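Data block for run-v4.cif (mmCIF, C-alpha atoms):
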data_coords
loop_
_atom_site.label_atom_id
_atom_site.label_comp_id
_atom_site.auth_asym_id
_atom_site.auth_seq_id
_atom_site.Cartn_x
_atom_site.Cartn_y
_atom_site.Cartn_z
CA MET L 76 0.00 0.00 0.00
CA THR L 77 1.38 3.40 -0.93
CA PRO L 78 1.10 5.59 2.18
CA THR L 79 -1.13 8.61 1.99
CA THR L 80 0.75 11.88 2.19
CA PRO L 81 0.68 13.02 5.84
CA ALA L 82 -1.60 16.01 6.23
CA THR L 83 -3.67 17.79 8.79
CA SER L 84 -7.38 18.41 8.70
CA THR L 85 -9.30 21.36 10.09
CA PRO L 86 -12.57 20.76 11.95
CA ARG L 87 -13.35 24.41 12.74
CA PRO L 88 -13.05 27.55 10.63
CA PRO L 89 -11.21 27.90 8.40
CA ARG L 90 -13.70 25.39 7.12
CA ARG L 91 -13.93 23.16 4.14
CA ALA L 92 -14.26 23.98 0.50
CA THR L 93 -16.54 21.89 -1.64
CA SER L 94 -18.25 21.74 -4.97
CA ARG L 95 -21.82 22.76 -5.64
CA GLN L 96 -24.14 19.88 -6.46
CA SER L 97 -25.43 20.28 -9.98
CA ARG L 98 -24.85 18.71 -13.34
CA PRO L 99 -21.97 16.21 -13.40
CA GLY L 100 -18.83 17.87 -14.61
CA GLN L 101 -20.07 21.39 -13.97
CA ALA L 102 -17.42 23.68 -12.58
CA PRO L 103 -17.20 23.20 -8.82
CA ARG L 104 -17.94 25.88 -6.28
CA ALA L 105 -14.81 25.89 -4.17
CA ALA L 106 -12.66 27.92 -1.82
CA ALA L 107 -9.43 27.25 0.00
CA PRO L 108 -9.03 27.32 3.78
CA ASP L 109 -7.90 30.53 5.45
CA THR L 110 -4.55 29.60 6.96
CA SER L 111 -4.60 32.51 9.41
CA LEU L 112 -6.78 30.67 11.94
CA PRO L 113 -5.75 27.95 14.42
CA ARG L 114 -6.10 24.33 13.33
CA LEU L 115 -6.62 21.00 14.98
CA LYS L 116 -3.85 18.82 13.58
CA ILE L 117 -4.81 15.26 12.72
CA ARG L 118 -2.36 13.04 10.91
CA ILE L 119 -3.73 11.44 7.76
CA GLY L 120 -1.28 8.60 7.37
CA SER L 121 -3.49 5.79 6.05
CA PRO L 122 -6.46 5.25 3.73
CA THR L 123 -8.74 4.72 6.72
CA SER L 124 -7.77 8.00 8.35
CA LEU L 125 -8.27 9.80 5.04
CA LEU L 126 -11.76 8.34 4.73
CA ALA L 127 -12.47 9.24 8.37
CA VAL L 128 -11.75 12.96 7.98
CA ILE L 129 -13.47 13.60 4.65
CA PRO L 130 -17.00 13.93 6.13
CA GLY L 131 -15.67 16.49 8.60
CA LEU L 132 -13.87 18.39 5.86
CA LEU L 133 -17.08 18.58 3.83
CA ASN L 134 -19.48 19.06 6.77
CA PHE L 135 -21.63 16.25 5.35
CA ASN L 136 -21.35 12.63 4.26
CA PRO L 137 -20.07 12.62 0.69
CA GLY L 138 -22.58 10.19 -0.84
CA ARG L 139 -21.84 9.42 -4.50
CA SER L 140 -18.98 11.82 -5.03
CA ILE L 141 -15.47 12.44 -6.19
CA VAL L 142 -13.43 14.18 -3.49
CA VAL L 143 -10.06 15.73 -4.32
CA ILE L 144 -7.85 17.10 -1.53
CA GLY L 145 -4.88 19.34 -2.22
CA ILE L 146 -2.00 19.29 0.25
CA GLU L 147 -0.16 22.42 1.39
CA PRO L 148 3.42 22.53 0.07
CA GLY L 149 6.01 22.19 2.81
CA ASP L 150 3.92 21.47 5.91
CA GLY L 151 1.57 18.89 4.36
CA GLN L 152 -1.63 20.48 5.64
CA VAL L 153 -4.94 20.32 3.79
CA ARG L 154 -5.14 23.37 1.56
CA VAL L 155 -8.28 22.76 -0.51
CA THR L 156 -11.00 20.12 -0.63
CA LEU L 157 -13.15 19.77 -3.75
CA ARG L 158 -16.25 17.62 -4.13
CA TYR L 159 -18.01 16.72 -7.37
CA ASP L 160 -21.03 14.66 -8.31
CA ILE L 161 -19.92 11.44 -9.95
CA PRO L 162 -20.27 12.02 -13.70
CA ASP L 163 -21.98 9.49 -15.93
CA PRO L 164 -19.22 7.14 -17.16
CA VAL L 165 -20.86 6.93 -20.59
CA ARG L 166 -20.25 10.67 -21.00
CA PRO L 167 -16.45 10.92 -21.19
CA ALA L 168 -16.56 14.65 -21.90
CA MET L 169 -18.01 15.24 -18.43
CA VAL L 170 -15.34 13.05 -16.88
CA THR L 171 -12.65 15.05 -18.64
CA ALA L 172 -14.23 18.35 -17.63
CA LEU L 173 -14.21 17.32 -13.97
CA ALA L 174 -10.56 16.27 -14.06
CA ARG L 175 -9.46 19.40 -15.88
CA HIS L 176 -11.29 21.66 -13.50
CA ALA L 177 -10.00 19.95 -10.36
CA VAL L 178 -6.42 20.04 -11.59
CA SER L 179 -6.73 23.67 -12.70
CA LEU L 180 -7.90 24.68 -9.21
CA LEU L 181 -5.11 22.70 -7.55
CA SER L 182 -2.56 24.35 -9.82
CA ALA L 183 -4.01 27.81 -9.13
CA GLN L 184 -3.58 27.17 -5.40
CA GLY L 185 0.05 26.11 -5.89
CA VAL L 186 -0.73 22.53 -4.89
CA ARG L 187 1.78 19.92 -5.96
CA THR L 188 0.52 16.93 -3.95
CA ALA L 189 -3.05 15.67 -3.75
CA VAL L 190 -5.20 12.64 -2.96
CA ALA L 191 -8.58 11.63 -4.35
CA VAL L 192 -11.43 9.39 -3.26
CA GLY L 193 -14.35 8.21 -5.38
CA TYR L 194 -17.52 7.06 -3.66
CA GLY L 195 -19.30 4.64 -5.99
CA THR L 196 -18.85 1.62 -8.22
CA ASP L 197 -15.62 0.89 -10.05
CA ALA L 198 -17.38 1.55 -13.38
CA GLU L 199 -18.24 5.05 -12.14
CA VAL L 200 -15.04 5.94 -10.32
CA ALA L 201 -12.27 4.38 -12.42
CA PRO L 202 -12.72 6.68 -15.47
CA VAL L 203 -12.52 9.76 -13.25
CA ILE L 204 -9.42 8.48 -11.47
CA ALA L 205 -7.76 7.79 -14.83
CA ALA L 206 -8.58 11.30 -16.07
CA LEU L 207 -7.32 12.87 -12.84
CA ARG L 208 -4.06 10.95 -13.16
CA GLU L 209 -3.59 12.09 -16.74
CA HIS L 210 -4.21 15.77 -16.11
CA ALA L 211 -2.37 15.85 -12.78
CA THR L 212 0.70 14.32 -14.39
CA LYS L 213 0.68 16.98 -17.10
CA ALA L 214 0.40 19.68 -14.43
CA GLY L 215 3.19 18.26 -12.30
CA ILE L 216 0.88 17.28 -9.43
CA ALA L 217 1.58 14.02 -7.59
CA LEU L 218 -1.51 11.99 -6.65
CA THR L 219 -0.18 9.97 -3.72
CA GLU L 220 -3.40 8.11 -2.97
CA LEU L 221 -6.39 7.24 -5.13
CA LEU L 222 -9.19 5.36 -3.40
CA ARG L 223 -12.63 4.04 -4.17
CA ALA L 224 -15.11 3.53 -1.33
CA GLU L 225 -18.36 1.62 -1.47
CA ASN L 226 -20.48 -0.19 1.14
CA GLN L 227 -17.98 0.44 3.95
CA ARG L 228 -15.07 -1.02 1.97
CA TYR L 229 -12.27 0.70 0.10
CA TRP L 230 -9.96 -0.16 -2.77
CA SER L 231 -6.74 1.60 -3.79
CA TYR L 232 -5.86 2.41 -7.39
CA VAL L 233 -2.18 2.81 -6.48
CA CYS L 234 -1.70 -0.57 -4.78
CA ALA L 235 -1.62 -3.91 -6.57
CA ASP L 236 -0.49 -6.06 -3.61
CA PRO L 237 -3.35 -8.40 -2.61
CA ALA L 238 -1.73 -8.88 0.80
CA CYS L 239 -2.67 -5.33 1.82
CA CYS L 240 -5.22 -4.50 -0.85
CA PRO L 241 -7.44 -7.57 -1.25
CA PRO L 242 -9.64 -7.78 -4.35
CA GLU L 243 -12.77 -7.85 -2.17
CA GLY L 244 -11.77 -4.52 -0.60
CA THR L 245 -10.77 -3.51 2.92
CA PRO L 246 -13.50 -2.86 5.53
CA PHE L 247 -13.48 0.50 7.30
CA ASP L 248 -15.59 2.36 9.87
CA VAL L 249 -15.20 6.14 9.81
CA THR L 250 -17.46 6.87 12.78
CA ARG L 251 -15.25 5.07 15.28
CA HIS L 252 -11.91 6.20 13.89
CA PRO L 253 -9.83 8.36 16.27
CA ALA L 254 -9.51 11.09 13.64
CA ALA L 255 -13.29 11.36 13.27
CA ARG L 256 -13.75 11.36 17.05
CA ALA L 257 -11.18 14.14 17.44
CA MET L 258 -12.94 16.26 14.84
CA ARG L 259 -16.31 15.75 16.51
CA ALA L 260 -14.83 16.66 19.88
CA ALA L 261 -13.50 19.89 18.35
CA GLY L 262 -16.96 20.85 17.12
CA SER L 263 -17.01 19.51 13.58
CA ARG L 264 -20.52 18.79 12.33
CA VAL L 265 -21.36 16.13 9.77
CA LEU L 266 -24.78 16.26 8.17
CA ALA L 267 -26.37 13.32 6.39
CA GLY L 268 -25.61 14.77 2.97
CA ARG L 269 -25.62 17.90 0.87
CA ALA L 270 -29.41 17.86 0.80
CA ALA L 271 -29.38 18.19 4.58
CA LEU L 272 -27.07 21.19 4.28
CA ALA L 273 -29.45 22.80 1.79
CA ALA L 274 -32.34 22.09 4.15
CA SER L 275 -30.52 23.96 6.92
CA VAL L 276 -30.97 27.23 4.96
CA ALA L 277 -34.36 26.43 3.40
CA ALA L 278 -37.38 28.66 3.92
CA LYS L 279 -39.30 28.19 7.13
CA GLY L 280 -42.89 27.09 6.69
CA GLY L 281 -45.75 26.55 9.08
CA GLN L 282 -46.57 29.12 11.73
CA PRO L 283 -43.23 31.02 11.52
CA GLY L 284 -43.55 31.32 7.75
CA ALA L 285 -47.13 32.56 7.93
CA ALA L 286 -46.29 35.06 10.68
CA MET L 287 -43.30 36.32 8.69
CA ARG L 288 -45.49 36.79 5.62
CA ARG L 289 -47.95 38.90 7.59
CA ALA L 290 -45.19 40.95 9.22
CA THR L 291 -43.53 41.62 5.85
CA LYS L 292 -46.78 42.85 4.32
CA LYS L 293 -47.35 45.02 7.39
CA TRP L 294 -43.95 46.73 7.02
CA LEU L 295 -44.46 47.33 3.31
CA SER L 296 -47.81 48.97 4.06
CA GLU L 297 -46.41 51.06 6.92
CA ILE L 298 -43.50 52.32 4.84
CA ALA L 299 -45.79 53.26 1.96
CA ARG L 300 -48.21 55.06 4.32
CA SER L 301 -45.42 56.93 6.13
CA SER L 302 -43.92 58.01 2.82
CA SER L 303 -47.30 59.32 1.68
CA ASP L 304 -47.98 61.15 4.95
CA THR L 305 -44.57 62.82 5.17
CA ASP L 306 -43.68 63.29 1.49
CA ILE L 307 -40.35 61.61 2.27
CA PRO L 308 -39.34 59.13 -0.46
CA ALA L 309 -39.84 55.55 0.65
CA SER L 310 -36.20 54.76 -0.12
CA ARG L 311 -35.05 57.43 2.36
CA LEU L 312 -37.31 56.02 5.06
CA VAL L 313 -36.07 52.49 4.42
CA ALA L 314 -32.45 53.62 4.53
CA ALA L 315 -32.87 55.53 7.78
CA VAL L 316 -34.86 52.87 9.60
CA GLY L 317 -33.15 49.90 7.97
CA GLN L 318 -29.57 50.81 8.83
CA VAL L 319 -30.49 51.28 12.48
CA ALA L 320 -32.36 47.95 12.50
CA VAL L 321 -29.48 46.08 10.86
CA SER L 322 -26.90 47.59 13.21
CA ASP L 323 -29.04 46.60 16.19
CA ALA L 324 -29.50 43.07 14.88
CA ILE L 325 -25.75 42.65 14.37
CA ARG L 326 -25.12 43.86 17.92
CA ARG L 327 -27.70 41.45 19.35
CA TYR L 328 -26.37 38.43 17.49
CA ARG L 329 -22.81 39.21 18.51
CA ALA L 330 -24.08 39.20 22.10
CA GLY L 331 -25.52 35.73 21.61
CA GLU L 332 -29.10 36.94 21.22
CA SER L 333 -31.52 37.04 18.30
CA VAL L 334 -34.29 39.38 17.13
CA PRO L 335 -38.09 39.09 17.28
CA LEU L 336 -39.88 37.99 14.15
CA ASP L 337 -41.31 41.46 13.52
CA HIS L 338 -37.76 42.90 13.60
CA ALA L 339 -36.65 40.15 11.21
CA ALA L 340 -39.41 41.12 8.77
CA LEU L 341 -38.26 44.76 8.83
CA LEU L 342 -34.70 43.62 8.20
CA THR L 343 -35.61 41.58 5.12
CA VAL L 344 -37.56 44.50 3.66
CA ALA L 345 -34.80 47.01 4.44
CA LEU L 346 -32.01 44.82 3.08
CA SER L 347 -33.64 44.91 -0.33
CA GLN L 348 -32.33 48.47 -0.53
CA LEU L 349 -28.72 48.33 -1.68
CA ARG L 350 -27.55 51.01 0.73
CA VAL L 351 -28.78 49.00 3.71
CA ARG L 352 -27.35 45.74 2.37
CA ASP L 353 -23.97 47.30 1.63
CA ASP L 354 -23.86 48.87 5.09
CA ALA L 355 -24.48 45.42 6.59
CA TRP L 356 -21.86 43.85 4.29
CA ALA L 357 -19.29 46.40 5.45
CA ARG L 358 -19.84 45.31 9.08
CA MET L 359 -19.04 41.61 8.52
CA GLU L 360 -15.74 41.53 10.43
CA PRO L 361 -14.34 37.98 10.30
CA GLU L 362 -13.77 37.74 14.06
CA HIS L 363 -17.57 37.69 14.49
CA ARG L 364 -18.26 35.15 11.73
CA ASP L 365 -20.08 32.68 14.01
CA ALA L 366 -22.57 35.35 15.13
CA HIS L 367 -23.01 36.56 11.55
CA LEU L 368 -23.57 32.98 10.43
CA ARG L 369 -26.50 32.69 12.84
CA LEU L 370 -27.91 36.07 11.80
CA TRP L 371 -27.92 35.50 8.05
CA THR L 372 -29.03 31.89 8.36
CA ASP L 373 -32.03 33.01 10.41
CA LEU L 374 -32.94 35.78 7.97
CA THR L 375 -32.40 33.57 4.91
CA ARG L 376 -34.82 31.03 6.35
CA LEU L 377 -37.39 33.60 7.45
CA ALA L 378 -37.36 35.88 4.39
CA ARG L 379 -40.36 35.57 2.12
CA PRO L 380 -40.11 35.26 -1.71
CA GLY L 381 -38.75 38.40 -3.30
CA PHE L 382 -36.81 39.30 -0.15
CA VAL L 383 -34.47 36.28 0.16
CA ALA L 384 -31.56 37.27 -2.09
CA PRO L 385 -29.86 39.93 0.11
CA SER L 386 -29.75 37.80 3.28
CA ALA L 387 -28.78 34.67 1.35
CA ALA L 388 -25.98 36.51 -0.47
CA LEU L 389 -24.64 37.84 2.83
CA LEU L 390 -24.81 34.30 4.24
CA ALA L 391 -22.84 33.08 1.22
CA PHE L 392 -20.20 35.75 1.89
CA ILE L 393 -19.84 34.50 5.47
CA GLY L 394 -19.54 30.94 4.15
CA TRP L 395 -16.74 32.01 1.81
CA GLN L 396 -15.13 34.09 4.56
CA SER L 397 -15.13 30.97 6.77
CA GLY L 398 -13.78 28.68 4.04
CA ASP L 399 -17.09 26.77 3.94
CA GLY L 400 -17.70 26.53 0.21
CA ALA L 401 -20.58 24.09 0.60
CA LEU L 402 -22.54 26.52 2.77
CA GLY L 403 -21.66 29.38 0.45
CA ASN L 404 -23.06 27.55 -2.52
CA VAL L 405 -26.33 26.38 -0.99
CA ALA L 406 -26.87 29.97 0.17
CA LEU L 407 -26.19 31.21 -3.36
CA ASP L 408 -28.63 28.63 -4.71
CA ARG L 409 -31.31 30.25 -2.53
CA ALA L 410 -30.30 33.78 -3.49
CA LEU L 411 -30.36 33.10 -7.22
CA ALA L 412 -33.59 31.11 -7.04
CA ASP L 413 -35.14 34.23 -5.51
CA ASN L 414 -33.50 36.61 -8.01
CA PRO L 415 -31.48 35.02 -10.85
CA ARG L 416 -29.84 38.36 -11.68
CA TYR L 417 -28.83 39.42 -8.18
CA THR L 418 -25.40 40.94 -8.78
CA MET L 419 -23.82 40.23 -5.39
CA ALA L 420 -24.77 36.55 -5.63
CA LEU L 421 -23.41 36.27 -9.16
CA LEU L 422 -20.11 37.87 -8.12
CA LEU L 423 -19.78 35.51 -5.16
CA ARG L 424 -20.55 32.51 -7.34
CA ASP L 425 -17.75 33.53 -9.69
CA ALA L 426 -15.40 33.81 -6.71
CA LEU L 427 -16.27 30.35 -5.41
CA ASP L 428 -16.14 28.83 -8.90
CA SER L 429 -12.62 30.14 -9.34
CA GLY L 430 -11.41 28.64 -6.05
CA ALA L 431 -10.67 32.06 -4.57
CA PRO L 432 -9.43 31.52 -0.99
CA PRO L 433 -11.18 33.04 2.05
CA SER L 434 -8.30 35.47 2.42
CA MET L 435 -9.82 37.23 -0.59
CA ALA L 436 -13.21 37.60 1.15
CA ARG L 437 -12.34 41.10 2.25
CA LEU L 438 -14.88 43.70 3.25
CA PRO L 439 -15.51 45.92 0.20
CA MET L 440 -15.79 49.18 2.20
CA THR L 441 -16.06 50.51 5.72
CA PRO L 442 -19.53 51.62 6.87
CA GLY L 443 -18.34 55.21 6.63
CA GLU L 444 -17.21 54.73 3.04
CA VAL L 445 -20.54 53.12 2.16
CA ALA L 446 -22.41 56.10 3.59
CA ALA L 447 -20.17 58.58 1.78
CA ALA L 448 -20.56 56.78 -1.54
CA TYR L 449 -24.36 56.69 -1.34
CA ASP L 450 -24.56 60.28 -0.10
CA ALA L 451 -22.47 61.40 -3.05
CA ALA L 452 -24.62 59.43 -5.49
CA GLU L 453 -27.82 60.90 -4.06
CA ALA L 454 -26.40 64.44 -4.23
CA ALA L 455 -25.24 64.07 -7.83
CA PRO L 456 -27.02 66.31 -10.39
CA GLY L 457 -29.98 64.55 -11.88
CA ALA L 458 -30.20 61.92 -9.15
CA ALA L 459 -33.82 61.00 -8.43
CA PRO L 460 -35.09 59.19 -5.35
CA ASP L 461 -36.58 55.76 -5.80
CA ASP L 462 -40.10 55.58 -4.41
CA ASP L 463 -40.14 51.78 -4.29
CA PRO L 464 -40.67 50.93 -0.58
CA ARG L 465 -37.78 48.51 -0.90
CA GLY L 466 -35.40 51.20 -2.17
CA PRO L 467 -33.00 50.90 -5.14
CA GLN L 468 -33.05 47.34 -6.43
CA GLU L 469 -30.71 44.89 -8.05
CA PRO L 470 -31.98 43.88 -11.51
CA THR L 471 -34.71 41.36 -10.92
CA VAL L 472 -37.45 39.36 -12.60
CA ALA L 473 -40.80 40.11 -10.97
CA ALA L 474 -39.39 39.77 -7.46
CA GLY L 475 -40.74 41.25 -4.29
CA GLU L 476 -44.45 41.27 -4.96
CA ALA L 477 -46.22 40.99 -1.63
CA GLY L 478 -48.89 38.74 -3.11
CA ARG L 479 -46.31 36.06 -3.87
CA MET L 480 -45.10 35.71 -0.29
#
Please render this file's structure as C-alpha cells.
Amino acid sequence: MTPTTPATSTPRPPRRATSRQSRPGQAPRAAAPDTSLPRLKIRIGSPTSLLAVIPGLLNFNPGRSIVVIGIEPGDGQVRVTLRYDIPDPVRPAMVTALARHAVSLLSAQGVRTAVAVGYGTDAEVAPVIAALREHATKAGIALTELLRAENQRYWSYVCADPACCPPEGTPFDVTRHPAARAMRAAGSRVLAGRAALAASVAAKGGQPGAAMRRATKKWLSEIARSSSDTDIPASRLVAAVGQVAVSDAIRRYRAGESVPLDHAALLTVALSQLRVRDDAWARMEPEHRDAHLRLWTDLTRLARPGFVAPSAALLAFIGWQSGDGALGNVALDRALADNPRYTMALLLRDALDSGAPPSMARLPMTPGEVAAAYDAAEAAPGAAPDDDPRGPQEPTVAAGEAGRM
C-alpha cells in the first residue's frame, strides 16, 4: 500500500471547501481554507484516516462523489477540498471536464501533492481516477493516494499487492476512527448529505412562515403610508430605519441573542435596498463570523419570496469568509432562485467557482465609506429618489411582490 501523504485536517473555521451539487462535470464551487486561523492537527497517514476525515472536511457525508484534496506545500496540511457529483461514465466529456477543473484549481492554489477518493462503483469511479491521473501528471501534481469507497469497503488504485489490498476490498468504519472522534470533539458537524445542508438554509414554513409573511406585508404597508404622509421618499425612510435595524441586529447576534420575528421582517424589507445591504456587508468583520452565520441563516430562512436574495448573499459571503464553500453555494442557490440576476450573488458565485481563498473575502468598504458613496450618489445632479418601498433594487425578474409571499 502506498502511504497517503501526511496532512492535517481542520474541523473548525477555516472550514472546508466543496463543490456545488449540480450537473456532473459542472465547474465546482470551491474555496481554499484561510490559513490565518488555528487548526486542529490530525495526521492522515493511512487510507482509513483519510476516509475518516473527509465527512468532517465537507461538513456532510459525501454520498456518491469524487473528493479531491490538495495538500499544502512544505507542511503537508490540507489546503483545498473539492467535491463533485460522480459524472456518468458513458459521458467521457463530463469526466474530462471534472478532471481538468480539479487540476486547474489545484494548480491555481500552488498545490503539488493531492489525494482523491471516489464514492461509488468501479465503473463510475475508475474513469474519473484515470482522467485525474492524466491531467495531474501533465500539471506536475503528484496523486499519492487514489481510493474508491463503497459499502464500507475501500480499494486503492495505487496498490496492486493483494496482501494489503485484497480484491474484495478492505473494511473501514469512519465513525469510530480516532480522527473522526477528534474532529467531533473539536466541534465539527457532519450532516447526512448535501441535501441536509441545503435544508438547513431552506425557507421556514408553518406558523413562523405565515407570521413572517404577515409581518412583511405590514412593514411594506407602513413604509408606503409613512412616505405618503410625510412626502419623504420611501427609499429614504427604508435607509434611515433599515440601517439602524441592521446595526441593532448585528449587535444582538454578537451578544448571543436574536431578534423578534417582527424585527426580522423589517430587516428583510430594508435589506432589499442596496444602501442598507452594503452597510451590513461592510460590518461583517471575520472575528464575528459565528454570530453573523446565525444572523444570516435566520434571515435567509425567514425571508419571504422576493426578499431572500440579500440575506442569502450575505450568508454566502460568510460561508466564503469561513472557508465553507458548501454553505456558500447552498446559500447562493437560494439567493439566485429568488433573483437570478442578483449581482452580489453572481459575483460571489464567480469567486467560489474560481477557487478564490477566504483570504480574498475582504470587506468591500467601511460603513463610513458606504455612507459617503451613497450620499455622493444621491447628491449628484440629476439623481432621483426611488419611491419603491424597498429602495433601489438589483436587476430582478418580478421579485418582491407581496402577493407572492
Near Ala254 in chain L, counting all atoms listed in the file, which residues have an atom at most 7 Å away, once you skip same-chain residues fewer than 2 positions from it, shown as a list of chain:residue names?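 Close residues of Ala254 in chain L: L:Ile117, L:Ser124, L:Ala127, L:Val128, L:His252, L:Arg256, L:Ala257, L:Met258.
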Could you jot down the CA of Pro442 in chain L to CA of Asp354 in chain L separation for me, Å, one decimal place?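 Separation between CA of Pro442 in chain L and CA of Asp354 in chain L: 5.4 Å.
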Measuring between only C-alpha atoms, which one of L:Ile298, L:Ala451, L:Ala277, L:Leu422 shows the shortest distance to Ala387 in chain L?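 Answer, going by the shortest atom-to-atom distance: L:Ala277.
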List the residues matched by the PyMOL selection byres ((chain L and resi 356-368) around 8) in the displayed structure as a PyMOL selection string, ordered by chain and then by residue number. chain L and resi 325+328-329+331+352-355+369-372+389-390+393-394+396-397+438-442+445
Kindly indicate which residue among L:Ser275, L:Ser140, L:Ser322, L:Ser302 lies nearest to Leu173 in chain L, using only C-alpha atoms for the distances.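 Ranked by minimum distance to Leu173 in chain L, first place goes to L:Ser140.
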Can you list, as JSON, numbers by chain, the residues that the PyMOL selection byres ((chain L and resi 274) around 12) selects here? {"L": [266, 267, 268, 269, 270, 271, 272, 273, 275, 276, 277, 278, 279, 280, 372, 375, 376, 402, 405, 406, 408, 409]}
